[in-house]
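Accompanying notes for the structure given below.
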Amino acid sequence: MSGPRPGTGQPADRPRRSASSGPLPHGAIGVGWRREICGMIAALDGIGFCEVIAESLVPQHGSRYGGAAGALRAFAAPHRGRAAARKSGRHTDIAVPEELELLMAGGIAAVPHGISLSLGGAEAVDPARVTHLAECARALGSPVVSEHIAFVRADGVEAGHLLPVPRTREALDALARNISRTRAELEVPLAVENIAALFEWPDAEFSEAEFLQELVERTGVYLLIDIANLYANARNRSRDPLTELLRLPTERLAYCHVAGGHEVGGRYHDTHSHPVPAEVLALVTEFTADRPVPLMLERDGNYPPATELAAELNSLATASGRPPVTLRPALSAGMSGP
């Protein structure tokens, strides 16, 4: 036992609890939507949702985000589809790529995934970035949006990377404030993701499980548990990944990320550009044994042929005991790569 959870007197190691009903369909298999592989994704049968980088969706009539404009344009796709008014019935100026529009028309839910809010920063979140995330959700008719438990800037300096939040009471207060500010502007739930980090801040007042539990209880936010990130952190810190995973709170679990990585110089890196290793799939099997949590494959580079992408999605389906993902022959014929 690691002692009581700070401020509660409750034990840190809790019995396993099943996830409550979340914003995405139970048992769904999803994939990260990227323009480079949009044709492959369109040929898949059996996926229930996709995730889109929010910063890759920009206003149709130019950026309105001041100093962030360059960063937003760097992520933006060159082709822009029409903006959409969906479940909320409210129009937005966000340009939705036509390929993504067609996928959603087939019943695939799309989740905007932010990378630039800096929820874990000491400074208040940028209102324009929050507005952008809210407009992305509105344009896509999304059931949920997601971001990271991390900070990416301080005092106006951009890190260009997701940085870990110190697990202290002060940092938790700042993170909770920024999450509350963000949720107040969203029309749908927010889920926040644990990140992979090559270092930990000293003088932690919480374990990761304690920190996340306290965050959920204080804010009501959903969690996006990245199983691959957790595996990387545990492996690099000589901890047992399964023990770390099963300690996490799951009563507000929206969905899970799964991705590949590789080892360099004795450190395991979660790259999103390698196949999912057997060790991570084993964690998926254990974690989903009594949790029909939605699972999503992240692939951000080194894209494989369509058949290999489908096989990797099927490895998630097999590990979690779910129906297979297949390629429609008429669409996948001759599709050997992105």
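To be explicit about the labels: the chains of the structure tokens are called A, B, and onward in the order shown, and within each one the residues are counted from 1, while ligands get numbers from 1 in the order they are shown.
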DSSP strand (DSSP E or B) residues within range 118-233 of chain A, as an MDAnalysis selection string: chainID A and resid 145:148 151:154 157:163 190:193 222:226
Residue neighbourhood range 275-290 of chain A, 7 Å, only C-alpha atoms, exclusion window fewer than 6 positions, as number ranges by chain: A: 18, 228, 231, 242, 259-261, 316, 319-320
Write the residues of the selection above to a file with N, CA and C atoms, as a PDB file, in the first residue's frame.
ATOM      1  N   SER A  18     -15.250  -0.802 -12.669  1.00  0.00           N
ATOM      2  CA  SER A  18     -15.587  -0.729 -14.081  1.00  0.00           C
ATOM      3  C   SER A  18     -15.861   0.718 -14.466  1.00  0.00           C
ATOM      4  N   ALA A 228      -0.244   3.217 -24.010  1.00  0.00           N
ATOM      5  CA  ALA A 228       1.132   3.210 -24.514  1.00  0.00           C
ATOM      6  C   ALA A 228       2.000   4.201 -23.746  1.00  0.00           C
ATOM      7  N   TYR A 231       2.772   2.641 -20.411  1.00  0.00           N
ATOM      8  CA  TYR A 231       3.771   1.579 -20.571  1.00  0.00           C
ATOM      9  C   TYR A 231       5.175   2.173 -20.707  1.00  0.00           C
ATOM     10  N   LEU A 242       1.506  -3.108 -15.578  1.00  0.00           N
ATOM     11  CA  LEU A 242       0.162  -3.572 -15.237  1.00  0.00           C
ATOM     12  C   LEU A 242      -0.280  -3.031 -13.882  1.00  0.00           C
ATOM     13  N   ALA A 259      -0.676   2.802 -28.933  1.00  0.00           N
ATOM     14  CA  ALA A 259       0.270   3.175 -29.988  1.00  0.00           C
ATOM     15  C   ALA A 259       1.549   2.366 -29.854  1.00  0.00           C
ATOM     16  N   GLY A 260       2.382   2.478 -30.861  1.00  0.00           N
ATOM     17  CA  GLY A 260       3.653   1.769 -30.874  1.00  0.00           C
ATOM     18  C   GLY A 260       4.819   2.659 -30.516  1.00  0.00           C
ATOM     19  N   GLY A 261       5.960   2.034 -30.313  1.00  0.00           N
ATOM     20  CA  GLY A 261       7.181   2.759 -29.998  1.00  0.00           C
ATOM     21  C   GLY A 261       8.388   1.861 -30.175  1.00  0.00           C
ATOM     22  N   LEU A 316      -5.819  -4.880 -31.905  1.00  0.00           N
ATOM     23  CA  LEU A 316      -6.542  -4.279 -30.783  1.00  0.00           C
ATOM     24  C   LEU A 316      -7.870  -4.990 -30.554  1.00  0.00           C
ATOM     25  N   ALA A 319      -7.138  -8.409 -28.999  1.00  0.00           N
ATOM     26  CA  ALA A 319      -6.677  -8.288 -27.615  1.00  0.00           C
ATOM     27  C   ALA A 319      -7.808  -7.944 -26.664  1.00  0.00           C
ATOM     28  N   SER A 320      -8.821  -7.248 -27.169  1.00  0.00           N
ATOM     29  CA  SER A 320      -9.932  -6.813 -26.316  1.00  0.00           C
ATOM     30  C   SER A 320     -11.200  -7.629 -26.532  1.00  0.00           C
TER      31      SER A 320
END
From A:Ser118, A:Ala128, A:Arg177, A:Ile29, residue lying nearest Ala150 in chain A [only C-alpha atoms]: A:Ser118
Computed interatomic separation between CA of His161 in chain A and CA of Leu117 in chain A (Å): 11.9 Å
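Here CA of Val293 in chain A stands at a distance of 18.8 Å from CA of Ile195 in chain A.
Closest approach to Thr92 in chain A from the set A:Gly141, A:Pro304, A:Pro249, A:Gly266 is made by A:Gly141, with distances taken over only C-alpha atoms.
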Close residues, Arg153 in chain A itself excluded, 10 Å, only C-alpha atoms, min 4 positions apart in chain, as a list in words: Ser116, Leu117, Ser118, Leu119, Gly120, Gly121, Ala122, Glu123, Val157, Glu158, Ala159, Gly160, His161, Leu162 and Leu163 of chain A
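Across the structure, CA of Arg167 in chain A and CA of Phe206 in chain A are spaced 5.6 Å apart.
Taking only C-alpha atoms into account, Thr326 in chain A lies nearest to A:Asp45 out of the set A:Glu244, A:Asp45, A:Glu193, A:Glu308.
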Option closest in space to Ser56 in chain A, from A:Cys136, A:Val130, A:Val152, A:Ala43 [counting only C-alpha atoms]: A:Cys136
DSSP alpha helix (DSSP H) selection over range 31-231 of chain A, as a ChimeraX atom specification: /A:38-42,69-75,98-105,127-140,169-185,208-219,227-231
Within 10 Å of Ala137 in chain A using only C-alpha atoms, minus same-chain residues under 5 positions, as number ranges by chain: A: 54, 86-88, 92, 94, 110-113, 131-132, 142-146, 186-188
Selection: 6 Å around Pro294 in chain A, only C-alpha atoms, excl. self and same-chain fewer than 2 positions, as a PyMOL selection string: chain A and resi 26-29+255
Contact residues around Gly106 in chain A with only C-alpha atoms at 12 Å, ignoring same-chain residues under 2 positions, as a short mmCIF file (atom, residue, chain, number, x, y, z; two decimals) with N, CA and C atoms, in the first residue's frame:
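Final output, saved to result.cif:
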data_model
loop_
_atom_site.label_atom_id
_atom_site.label_comp_id
_atom_site.auth_asym_id
_atom_site.auth_seq_id
_atom_site.Cartn_x
_atom_site.Cartn_y
_atom_site.Cartn_z
N ILE A 41 -8.50 4.94 -44.21
CA ILE A 41 -9.53 4.94 -43.17
C ILE A 41 -10.91 4.81 -43.78
N ALA A 42 -11.11 5.45 -44.94
CA ALA A 42 -12.40 5.35 -45.61
C ALA A 42 -12.71 3.93 -46.04
N ALA A 43 -11.69 3.11 -46.21
CA ALA A 43 -11.89 1.73 -46.67
C ALA A 43 -12.09 0.74 -45.53
N LEU A 44 -12.11 1.24 -44.28
CA LEU A 44 -12.22 0.34 -43.13
C LEU A 44 -13.67 0.11 -42.74
N ASP A 45 -14.02 -1.12 -42.47
CA ASP A 45 -15.30 -1.47 -41.88
C ASP A 45 -15.06 -1.93 -40.45
N GLY A 46 -15.85 -1.41 -39.53
CA GLY A 46 -15.75 -1.87 -38.15
C GLY A 46 -15.22 -0.84 -37.19
N ILE A 47 -14.79 0.35 -37.68
CA ILE A 47 -14.37 1.39 -36.74
C ILE A 47 -15.60 2.19 -36.30
N GLY A 48 -15.56 2.64 -35.05
CA GLY A 48 -16.70 3.35 -34.50
C GLY A 48 -16.48 4.83 -34.31
N PHE A 49 -15.21 5.26 -34.32
CA PHE A 49 -14.94 6.68 -34.15
C PHE A 49 -13.54 6.98 -34.66
N GLU A 99 -13.03 14.74 -47.07
CA GLU A 99 -12.87 13.31 -46.77
C GLU A 99 -13.40 12.98 -45.37
N LEU A 100 -13.19 13.91 -44.43
CA LEU A 100 -13.68 13.70 -43.08
C LEU A 100 -15.20 13.85 -43.03
N GLU A 101 -15.74 14.79 -43.79
CA GLU A 101 -17.19 14.96 -43.89
C GLU A 101 -17.84 13.65 -44.35
N LEU A 102 -17.26 13.04 -45.37
CA LEU A 102 -17.84 11.80 -45.90
C LEU A 102 -17.78 10.68 -44.88
N LEU A 103 -16.69 10.62 -44.12
CA LEU A 103 -16.57 9.59 -43.09
C LEU A 103 -17.64 9.77 -42.03
N MET A 104 -17.85 11.00 -41.60
CA MET A 104 -18.85 11.26 -40.58
C MET A 104 -20.26 11.01 -41.10
N ILE A 108 -19.54 7.68 -38.51
CA ILE A 108 -18.33 7.61 -37.68
C ILE A 108 -18.21 8.90 -36.87
N ALA A 109 -18.20 8.79 -35.55
CA ALA A 109 -18.04 9.97 -34.70
C ALA A 109 -16.62 10.50 -34.81
N ALA A 110 -16.47 11.81 -34.78
CA ALA A 110 -15.16 12.45 -34.86
C ALA A 110 -14.90 13.25 -33.59
#
Residue nearest Cys256 in chain A among A:Leu212, A:Leu24, A:Ala171, A:Val325 (counting only C-alpha atoms): A:Leu24
Excluding Asp300 in chain A and its own-chain neighbours fewer than 3 positions away, which residues fall within 8 Å of it when counting only C-alpha atoms? Please give them as an mmCIF file with N, CA and C atoms, in the first residue's frame.
data_model
loop_
_atom_site.group_PDB
_atom_site.id
_atom_site.type_symbol
_atom_site.label_atom_id
_atom_site.label_comp_id
_atom_site.auth_asym_id
_atom_site.auth_seq_id
_atom_site.Cartn_x
_atom_site.Cartn_y
_atom_site.Cartn_z
ATOM 1 N N GLY A 32 -6.837 7.291 -35.317
ATOM 2 C CA GLY A 32 -6.515 8.694 -35.503
ATOM 3 C C GLY A 32 -6.654 9.078 -36.966
ATOM 4 N N ARG A 34 -5.901 11.068 -40.081
ATOM 5 C CA ARG A 34 -4.848 11.922 -40.631
ATOM 6 C C ARG A 34 -5.050 12.004 -42.141
ATOM 7 N N HIS A 272 4.427 6.594 -31.910
ATOM 8 C CA HIS A 272 3.233 6.639 -32.763
ATOM 9 C C HIS A 272 3.572 6.328 -34.221
ATOM 10 N N SER A 273 4.749 5.786 -34.469
ATOM 11 C CA SER A 273 5.132 5.470 -35.847
ATOM 12 C C SER A 273 5.687 4.054 -35.976
ATOM 13 N N TYR A 303 3.505 5.573 -42.081
ATOM 14 C CA TYR A 303 2.231 4.888 -42.281
ATOM 15 C C TYR A 303 2.415 3.599 -43.068
#
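Between Leu57 in chain A and the candidates A:Leu297, A:Leu215, A:Leu175, A:Leu140, the tightest atom-to-atom separation, counting only C-alpha atoms, involves A:Leu140.
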